[in-house]
>>> print(open('target_2.cif').read())   # mmCIF, C-alpha atoms and all ligand atoms
data_query
#
loop_
_atom_site.label_atom_id
_atom_site.label_comp_id
_atom_site.auth_asym_id
_atom_site.auth_seq_id
_atom_site.Cartn_x
_atom_site.Cartn_y
_atom_site.Cartn_z
CA MET A 1 53.83 147.91 91.32
CA VAL A 2 55.70 150.71 93.13
CA SER A 3 56.32 153.62 90.77
CA SER A 4 59.86 154.64 89.88
CA LYS A 5 58.98 157.97 91.51
CA ALA A 6 58.46 156.25 94.86
CA MET A 7 62.15 155.39 94.72
CA GLU A 8 62.83 159.13 95.24
CA LYS A 9 62.53 158.33 98.96
CA PHE A 10 65.93 156.61 98.88
CA ARG A 11 67.68 159.58 97.23
CA GLU A 12 66.05 161.74 99.87
CA MET A 13 67.46 159.49 102.60
CA LYS A 14 70.91 159.93 101.07
CA ARG A 15 70.47 163.73 100.94
CA LYS A 16 69.51 163.76 104.62
CA GLY A 17 72.32 161.40 105.61
CA GLU A 18 69.88 158.70 106.76
CA LYS A 19 71.43 155.27 106.31
CA ILE A 20 69.51 152.58 104.40
CA ALA A 21 69.35 149.06 105.89
CA VAL A 22 68.98 146.13 103.50
CA LEU A 23 68.87 142.40 104.27
CA THR A 24 68.19 139.31 102.21
CA ALA A 25 65.24 136.93 102.63
CA TYR A 26 64.25 133.88 100.66
CA ASP A 27 61.19 132.57 102.51
CA TYR A 28 58.01 133.70 104.27
CA PRO A 29 59.01 133.59 107.98
CA MET A 30 62.36 135.33 107.49
CA ALA A 31 60.82 138.01 105.27
CA ARG A 32 58.03 138.59 107.77
CA LEU A 33 60.46 138.89 110.69
CA LEU A 34 62.66 141.39 108.81
CA ASP A 35 59.66 143.36 107.61
CA GLU A 36 58.11 143.54 111.08
CA SER A 37 61.49 144.70 112.43
CA GLY A 38 61.43 147.73 110.15
CA ILE A 39 64.06 146.92 107.51
CA ASP A 40 64.06 149.39 104.57
CA ILE A 41 64.64 146.95 101.72
CA ILE A 42 64.37 143.16 101.49
CA LEU A 43 66.44 141.55 98.75
CA VAL A 44 65.61 138.14 97.36
CA GLY A 45 69.24 137.69 96.37
CA ASP A 46 70.61 134.94 94.20
CA SER A 47 72.73 134.23 97.30
CA VAL A 48 69.76 131.91 97.94
CA GLY A 49 71.76 129.46 95.84
CA MET A 50 74.53 129.30 98.43
CA VAL A 51 72.84 129.74 101.81
CA VAL A 52 69.57 127.91 101.12
CA LEU A 53 70.00 125.62 98.12
CA GLY A 54 73.52 124.38 98.88
CA TYR A 55 75.21 125.36 95.59
CA GLU A 56 78.87 126.31 95.63
CA ASP A 57 78.19 129.79 94.26
CA THR A 58 75.38 131.77 92.58
CA THR A 59 76.13 130.57 89.05
CA SER A 60 73.70 127.63 89.21
CA VAL A 61 70.65 129.62 90.34
CA THR A 62 67.76 129.49 87.87
CA LEU A 63 64.96 131.93 87.17
CA ASP A 64 62.39 129.36 88.35
CA GLU A 65 64.17 129.18 91.71
CA MET A 66 64.22 132.99 91.98
CA LEU A 67 60.51 133.18 91.14
CA HIS A 68 59.63 130.52 93.72
CA HIS A 69 61.49 132.34 96.51
CA THR A 70 60.27 135.78 95.42
CA ARG A 71 56.63 134.58 95.67
CA ALA A 72 57.20 133.29 99.21
CA VAL A 73 58.82 136.56 100.32
CA ALA A 74 56.15 138.68 98.64
CA ARG A 75 53.44 136.96 100.74
CA ALA A 76 55.14 138.34 103.87
CA VAL A 77 56.31 141.83 103.00
CA LYS A 78 54.05 144.73 104.00
CA GLN A 79 56.30 147.77 104.49
CA ALA A 80 59.78 147.17 103.03
CA LEU A 81 60.67 147.52 99.38
CA LEU A 82 61.03 144.06 97.83
CA VAL A 83 63.90 143.75 95.35
CA ALA A 84 64.67 140.51 93.48
CA ASP A 85 67.82 139.47 91.61
CA LEU A 86 67.94 138.56 87.95
CA PRO A 87 69.93 135.32 88.03
CA ILE A 88 72.85 134.55 85.72
CA ASN A 89 72.10 133.99 82.01
CA THR A 90 68.74 135.76 82.13
CA TYR A 91 69.81 139.21 80.90
CA HIS A 92 72.11 138.76 77.92
CA THR A 93 70.09 141.26 75.86
CA PRO A 94 67.84 144.22 76.78
CA GLU A 95 64.79 142.24 75.60
CA GLN A 96 65.69 139.23 77.72
CA ALA A 97 66.40 141.50 80.71
CA VAL A 98 62.95 143.10 80.48
CA ALA A 99 61.21 139.74 80.07
CA THR A 100 63.02 138.38 83.15
CA ALA A 101 62.34 141.53 85.18
CA LYS A 102 58.63 141.34 84.32
CA LYS A 103 58.45 137.74 85.54
CA LEU A 104 60.04 138.76 88.85
CA VAL A 105 57.55 141.63 89.17
CA GLU A 106 54.66 139.23 88.48
CA ALA A 107 56.06 137.06 91.29
CA GLY A 108 55.83 140.05 93.66
CA ALA A 109 59.09 142.00 93.31
CA GLN A 110 58.73 145.79 93.40
CA ALA A 111 62.20 146.36 91.95
CA VAL A 112 64.92 144.23 90.41
CA LYS A 113 68.72 144.04 90.47
CA LEU A 114 71.33 142.70 88.07
CA GLU A 115 75.13 142.64 88.16
CA GLY A 116 77.04 145.06 85.94
CA GLY A 117 77.81 148.74 85.31
CA VAL A 118 78.81 150.37 82.04
CA SER A 119 78.70 146.95 80.35
CA HIS A 120 74.97 146.58 81.12
CA VAL A 121 73.59 150.05 80.42
CA PRO A 122 71.36 148.83 77.53
CA GLN A 123 69.75 146.21 79.81
CA ILE A 124 69.30 148.73 82.65
CA GLU A 125 67.79 151.35 80.34
CA ALA A 126 65.40 148.75 78.96
CA ILE A 127 64.27 147.75 82.47
CA THR A 128 63.82 151.31 83.74
CA GLY A 129 62.24 152.26 80.40
CA ALA A 130 59.64 149.55 81.06
CA GLY A 131 58.82 151.34 84.34
CA ILE A 132 60.45 148.77 86.61
CA PRO A 133 62.48 150.25 89.49
CA PHE A 134 66.08 149.10 89.29
CA MET A 135 68.91 148.60 91.80
CA ALA A 136 72.39 148.25 90.29
CA HIS A 137 75.24 146.05 91.54
CA ILE A 138 78.91 146.86 90.83
CA GLY A 139 82.30 146.01 92.33
CA MET A 140 82.82 142.32 92.97
CA LEU A 141 80.18 140.49 90.94
CA PRO A 142 79.44 137.03 92.41
CA GLN A 143 77.97 135.74 89.13
CA SER A 144 81.49 136.22 87.65
CA VAL A 145 83.32 134.56 90.55
CA ARG A 146 84.58 131.68 88.39
CA GLU A 147 86.10 133.98 85.74
CA GLU A 148 87.50 136.20 88.52
CA GLY A 149 89.01 133.28 90.43
CA GLY A 150 87.48 134.27 93.77
CA TYR A 151 85.77 137.03 95.75
CA LYS A 152 88.44 139.69 95.31
CA LEU A 153 88.54 143.26 96.59
CA LYS A 154 87.80 145.91 93.92
CA GLY A 155 88.87 149.55 93.76
CA ARG A 156 92.34 149.04 95.13
CA THR A 157 94.14 151.21 92.54
CA PRO A 158 93.19 154.72 91.28
CA ALA A 159 92.37 153.20 87.87
CA GLU A 160 90.01 150.65 89.45
CA ALA A 161 88.39 153.36 91.57
CA ASP A 162 87.84 155.50 88.44
CA ALA A 163 86.27 152.54 86.65
CA LEU A 164 83.89 152.06 89.58
CA ILE A 165 82.95 155.75 89.49
CA ARG A 166 82.21 155.44 85.76
CA ASP A 167 80.08 152.36 86.45
CA ALA A 168 78.10 154.12 89.18
CA GLN A 169 77.54 157.24 87.08
CA ALA A 170 76.44 155.10 84.13
CA VAL A 171 73.87 153.15 86.16
CA GLU A 172 72.56 156.36 87.72
CA LYS A 173 72.13 157.88 84.24
CA ALA A 174 70.39 154.68 83.08
CA GLY A 175 67.79 155.17 85.82
CA ALA A 176 68.94 153.03 88.77
CA PHE A 177 67.51 154.23 92.10
CA SER A 178 70.45 152.82 94.09
CA VAL A 179 73.65 150.86 93.58
CA VAL A 180 75.15 147.98 95.56
CA LEU A 181 78.94 148.17 96.00
CA GLU A 182 80.26 144.71 96.78
CA ILE A 183 83.72 144.22 98.33
CA VAL A 184 85.04 147.61 97.27
CA ALA A 185 88.02 149.26 99.01
CA LYS A 186 86.69 151.69 101.63
CA GLU A 187 88.28 154.81 100.05
CA ALA A 188 87.04 153.90 96.56
CA ALA A 189 83.56 153.29 98.01
CA LYS A 190 83.66 156.80 99.49
CA GLN A 191 84.67 158.30 96.14
CA VAL A 192 81.83 156.45 94.37
CA THR A 193 79.35 157.53 97.07
CA ASP A 194 80.39 161.17 96.61
CA ALA A 195 80.20 160.92 92.81
CA VAL A 196 76.50 159.97 92.49
CA SER A 197 73.21 161.24 93.88
CA ILE A 198 71.66 157.78 94.17
CA PRO A 199 72.44 155.89 97.39
CA THR A 200 75.30 153.40 97.48
CA ILE A 201 74.53 150.24 99.45
CA GLY A 202 77.73 148.60 100.61
CA ILE A 203 78.57 145.01 101.39
CA GLY A 204 82.12 144.62 102.65
CA SER A 205 82.83 148.15 101.36
CA GLY A 206 83.28 150.20 104.52
CA GLU A 207 81.21 152.70 106.45
CA HIS A 208 81.08 155.55 103.93
CA CYS A 209 78.30 153.99 101.84
CA ASP A 210 74.76 155.39 102.13
CA GLY A 211 73.45 152.05 103.33
CA GLN A 212 74.52 148.52 104.13
CA VAL A 213 73.33 145.14 102.87
CA LEU A 214 74.10 141.72 104.29
CA VAL A 215 73.05 138.17 103.63
CA THR A 216 70.78 137.57 106.63
CA HIS A 217 72.15 134.07 107.19
CA ASP A 218 75.59 135.66 107.74
CA LEU A 219 74.21 138.33 110.08
CA ILE A 220 72.36 135.86 112.31
CA GLY A 221 74.85 132.97 112.16
CA LEU A 222 72.55 130.64 110.27
CA PHE A 223 75.21 129.45 107.81
CA PRO A 224 78.07 128.64 110.21
CA TRP A 225 80.22 126.76 107.69
CA PHE A 226 81.35 130.00 106.09
CA THR A 227 81.16 133.62 107.26
CA PRO A 228 82.66 136.39 105.08
CA LYS A 229 85.51 138.28 106.79
CA PHE A 230 83.63 141.58 106.78
CA VAL A 231 80.59 140.22 108.70
CA SER A 232 80.19 140.57 112.47
CA PRO A 233 77.30 138.21 113.28
CA GLU A 234 74.68 139.56 115.69
CA ALA A 235 73.38 136.11 116.66
CA ARG A 236 74.25 132.43 116.60
CA VAL A 237 71.06 130.90 115.30
CA ALA A 238 72.76 127.73 114.02
CA GLU A 239 73.87 127.01 117.60
CA GLU A 240 70.29 127.48 118.86
CA ILE A 241 69.04 125.02 116.22
CA ARG A 242 71.69 122.48 117.16
CA LYS A 243 70.80 122.89 120.85
CA ALA A 244 67.08 122.49 120.24
CA THR A 245 67.71 119.46 117.99
CA ARG A 246 69.89 117.76 120.60
CA ALA A 247 67.26 118.48 123.28
CA PHE A 248 64.53 116.97 121.10
CA ILE A 249 66.65 113.89 120.36
CA GLU A 250 67.26 113.41 124.08
CA ARG A 251 63.58 113.93 124.89
CA THR A 252 62.52 111.47 122.19
CA ARG A 253 65.02 108.82 123.20
CA GLY A 254 64.14 109.25 126.84
CA THR A 255 67.65 110.29 127.87
CA GLY A 256 66.85 113.89 128.88
CA SER A 257 65.62 115.10 132.29
CA MET A 258 62.23 116.24 130.83
CA SER A 259 61.73 113.12 128.68
CA LYS A 260 58.67 111.75 130.54
CA THR A 261 56.69 115.00 130.77
CA SER A 262 57.35 117.05 127.65
CA ALA A 263 56.37 114.77 124.73
O1 LIG B 301 72.54 137.88 96.20
C1 LIG B 301 72.70 138.66 97.14
O2 LIG B 301 72.38 138.38 98.30
C2 LIG B 301 73.28 139.96 96.83
C3 LIG B 301 73.76 140.78 97.99
C4 LIG B 301 74.92 140.14 98.61
C5 LIG B 301 74.02 142.18 97.60
O3 LIG B 301 73.39 140.32 95.71
#
>>> encode(input="target_2.cif", output="structure tokens")
Amino acid sequence: MVSSKAMEKFREMKRKGEKIAVLTAYDYPMARLLDESGIDIILVGDSVGMVVLGYEDTTSVTLDEMLHHTRAVARAVKQALLVADLPINTYHTPEQAVATAKKLVEAGAQAVKLEGGVSHVPQIEAITGAGIPFMAHIGMLPQSVREEGGYKLKGRTPAEADALIRDAQAVEKAGAFSVVLEIVAKEAAKQVTDAVSIPTIGIGSGEHCDGQVLVTHDLIGLFPWFTPKFVSPEARVAEEIRKATRAFIERTRGTGSMSKTSA
């Protein structure tokens, strides 16, 4: 396992103003492509539930599913840091959080992430106390989307921004090596970033964060049925798949121009 000390590299990147690039992966080929491209951190996010498993949100993802996908990603990753999510209902107590984190580490994760700030300090302290590097996640928390009634922007008012700063300072004190800020108002994200010495990794939270994370399927246009507003896709992979599929169908049915020669 990577030592918590090795995580110092990310604080150092923040100090030097070097931005940290993070993408999700859930399987071997995607993880290998991202790793070979030089990504800093690969996250086996519970977003796997939505973009791979076809659930409506992340609240149905199980630990067994996370372990399965973490093992596949771990077989591919050589240079990036591999972080895996603790899924919903697997960290109610500090003891349960450590037991879940250890399973993810056995599956190949080098660090783990769970959703929550001040409210989850006991769980975070237990995980970091067990020597497992920890990435925090505050702001909009997808595992609470049903209670929240949607993916709503956080940090809009001074009171909300202050609460986010308290969350970030609490997770830093509990030993987190970085903190994801999800769908946080740009100005609040800047205040949080300035208030802690661990890097903030933003998703839909503006350019002032110390790094950026995206769901890879959103970045490459592999989940065309829904793209979050804050994503500018760099590719249209779904279109390529549809094109290749149509070409194969034509070739197979003998309706394409290459049908006789390319089988
Ligand atoms: O599950 C996930 O992919 C995440 C990122 C969106 C930060 O938590």
>>> atom_distance(input="target_2.cif", atom1="atom CA of Val73 of chain A", atom2="atom CA of Ala130 of chain A")
23.2 Å
>>> residues_near_ligand(input="target_2.cif", ligand="ligand LIG 301 (chain B)", cutoff="9 Å", atoms="all atoms listed in the file", output="PDB file with C-alpha atoms, in the frame of the given file")
ATOM      1  CA  VAL A  22      68.980 146.130 103.500  1.00  0.00           C
ATOM      2  CA  LEU A  23      68.870 142.400 104.270  1.00  0.00           C
ATOM      3  CA  THR A  24      68.190 139.310 102.210  1.00  0.00           C
ATOM      4  CA  ALA A  25      65.240 136.930 102.630  1.00  0.00           C
ATOM      5  CA  LEU A  43      66.440 141.550  98.750  1.00  0.00           C
ATOM      6  CA  VAL A  44      65.610 138.140  97.360  1.00  0.00           C
ATOM      7  CA  GLY A  45      69.240 137.690  96.370  1.00  0.00           C
ATOM      8  CA  ASP A  46      70.610 134.940  94.200  1.00  0.00           C
ATOM      9  CA  SER A  47      72.730 134.230  97.300  1.00  0.00           C
ATOM     10  CA  VAL A  48      69.760 131.910  97.940  1.00  0.00           C
ATOM     11  CA  GLY A  49      71.760 129.460  95.840  1.00  0.00           C
ATOM     12  CA  THR A  58      75.380 131.770  92.580  1.00  0.00           C
ATOM     13  CA  ALA A  84      64.670 140.510  93.480  1.00  0.00           C
ATOM     14  CA  ASP A  85      67.820 139.470  91.610  1.00  0.00           C
ATOM     15  CA  PRO A  87      69.930 135.320  88.030  1.00  0.00           C
ATOM     16  CA  LYS A 113      68.720 144.040  90.470  1.00  0.00           C
ATOM     17  CA  LEU A 114      71.330 142.700  88.070  1.00  0.00           C
ATOM     18  CA  GLU A 115      75.130 142.640  88.160  1.00  0.00           C
ATOM     19  CA  HIS A 137      75.240 146.050  91.540  1.00  0.00           C
ATOM     20  CA  LEU A 141      80.180 140.490  90.940  1.00  0.00           C
ATOM     21  CA  PRO A 142      79.440 137.030  92.410  1.00  0.00           C
ATOM     22  CA  VAL A 180      75.150 147.980  95.560  1.00  0.00           C
ATOM     23  CA  LEU A 181      78.940 148.170  96.000  1.00  0.00           C
ATOM     24  CA  GLU A 182      80.260 144.710  96.780  1.00  0.00           C
ATOM     25  CA  ILE A 201      74.530 150.240  99.450  1.00  0.00           C
ATOM     26  CA  GLY A 202      77.730 148.600 100.610  1.00  0.00           C
ATOM     27  CA  ILE A 203      78.570 145.010 101.390  1.00  0.00           C
ATOM     28  CA  VAL A 213      73.330 145.140 102.870  1.00  0.00           C
ATOM     29  CA  LEU A 214      74.100 141.720 104.290  1.00  0.00           C
ATOM     30  CA  VAL A 215      73.050 138.170 103.630  1.00  0.00           C
ATOM     31  CA  THR A 216      70.780 137.570 106.630  1.00  0.00           C
TER      32      THR A 216
END
>>> residues_around(input="target_2.cif", residues="Glu18 of chain A", least_positions_apart="5", cutoff="9 Å", atoms="only C-alpha atoms", output="ChimeraX atom specification")
/A:12-13,210-211
>>> write_last_selection(input="target_2.cif", atoms="C-alpha atoms", output="mmCIF file, in the coordinates of the input")
data_model
loop_
_atom_site.group_PDB
_atom_site.id
_atom_site.type_symbol
_atom_site.label_atom_id
_atom_site.label_comp_id
_atom_site.auth_asym_id
_atom_site.auth_seq_id
_atom_site.Cartn_x
_atom_site.Cartn_y
_atom_site.Cartn_z
ATOM 1 C CA GLU A 12 66.050 161.740 99.870
ATOM 2 C CA MET A 13 67.460 159.490 102.600
ATOM 3 C CA ASP A 210 74.760 155.390 102.130
ATOM 4 C CA GLY A 211 73.450 152.050 103.330
#
>>> residues_around(input="target_2.cif", residues="Val237 of chain A", least_positions_apart="2", cutoff="8 Å", atoms="all atoms listed in the file", output="ChimeraX atom specification")
/A:220-222,235,239-241
>>> atom_distance(input="target_2.cif", atom1="atom CA of Ala189 of chain A", atom2="atom CA of Gly139 of chain A")
9.3 Å
>>> atom_distance(input="target_2.cif", atom1="atom CA of Ala161 of chain A", atom2="atom CA of Ala188 of chain A")
5.2 Å
>>> closest_residue(input="target_2.cif", among="A:Ile198, A:Ala109, A:Leu86, A:Glu36", to="Ala72 of chain A", atoms="only C-alpha atoms")
A:Ala109
>>> residues_around(input="target_2.cif", residues="Gly155 of chain A", least_positions_apart="5", cutoff="12 Å", atoms="only C-alpha atoms", output="JSON, numbers by chain")
{"A": [138, 139, 140, 160, 161, 162, 163, 164, 165, 166, 167, 181, 182, 183, 184, 185, 186, 187, 188, 189, 190, 191, 192, 205]}
>>> write_last_selection(input="target_2.cif", atoms="C-alpha atoms", output="compact mmCIF listing (two decimals), in the coordinates of the input")
# COMPACT_ATOMS: atom_id res chain seq x y z
CA ILE A 138 78.91 146.86 90.83
CA GLY A 139 82.30 146.01 92.33
CA MET A 140 82.82 142.32 92.97
CA GLU A 160 90.01 150.65 89.45
CA ALA A 161 88.39 153.36 91.57
CA ASP A 162 87.84 155.50 88.44
CA ALA A 163 86.27 152.54 86.65
CA LEU A 164 83.89 152.06 89.58
CA ILE A 165 82.95 155.75 89.49
CA ARG A 166 82.21 155.44 85.76
CA ASP A 167 80.08 152.36 86.45
CA LEU A 181 78.94 148.17 96.00
CA GLU A 182 80.26 144.71 96.78
CA ILE A 183 83.72 144.22 98.33
CA VAL A 184 85.04 147.61 97.27
CA ALA A 185 88.02 149.26 99.01
CA LYS A 186 86.69 151.69 101.63
CA GLU A 187 88.28 154.81 100.05
CA ALA A 188 87.04 153.90 96.56
CA ALA A 189 83.56 153.29 98.01
CA LYS A 190 83.66 156.80 99.49
CA GLN A 191 84.67 158.30 96.14
CA VAL A 192 81.83 156.45 94.37
CA SER A 205 82.83 148.15 101.36
>>> closest_residue(input="target_2.cif", among="A:Val77, A:Ala159, A:Ser60, A:Gln110", to="Thr90 of chain A", atoms="all atoms listed in the file")
A:Ser60
>>> residues_around(input="target_2.cif", residues="Lys102 of chain A", least_positions_apart="3", cutoff="12 Å", atoms="all atoms listed in the file", output="VMD selection string")
chain A and resid 1 63 67 84 to 86 90 to 91 95 to 99 105 to 112 126 to 128 130 to 134
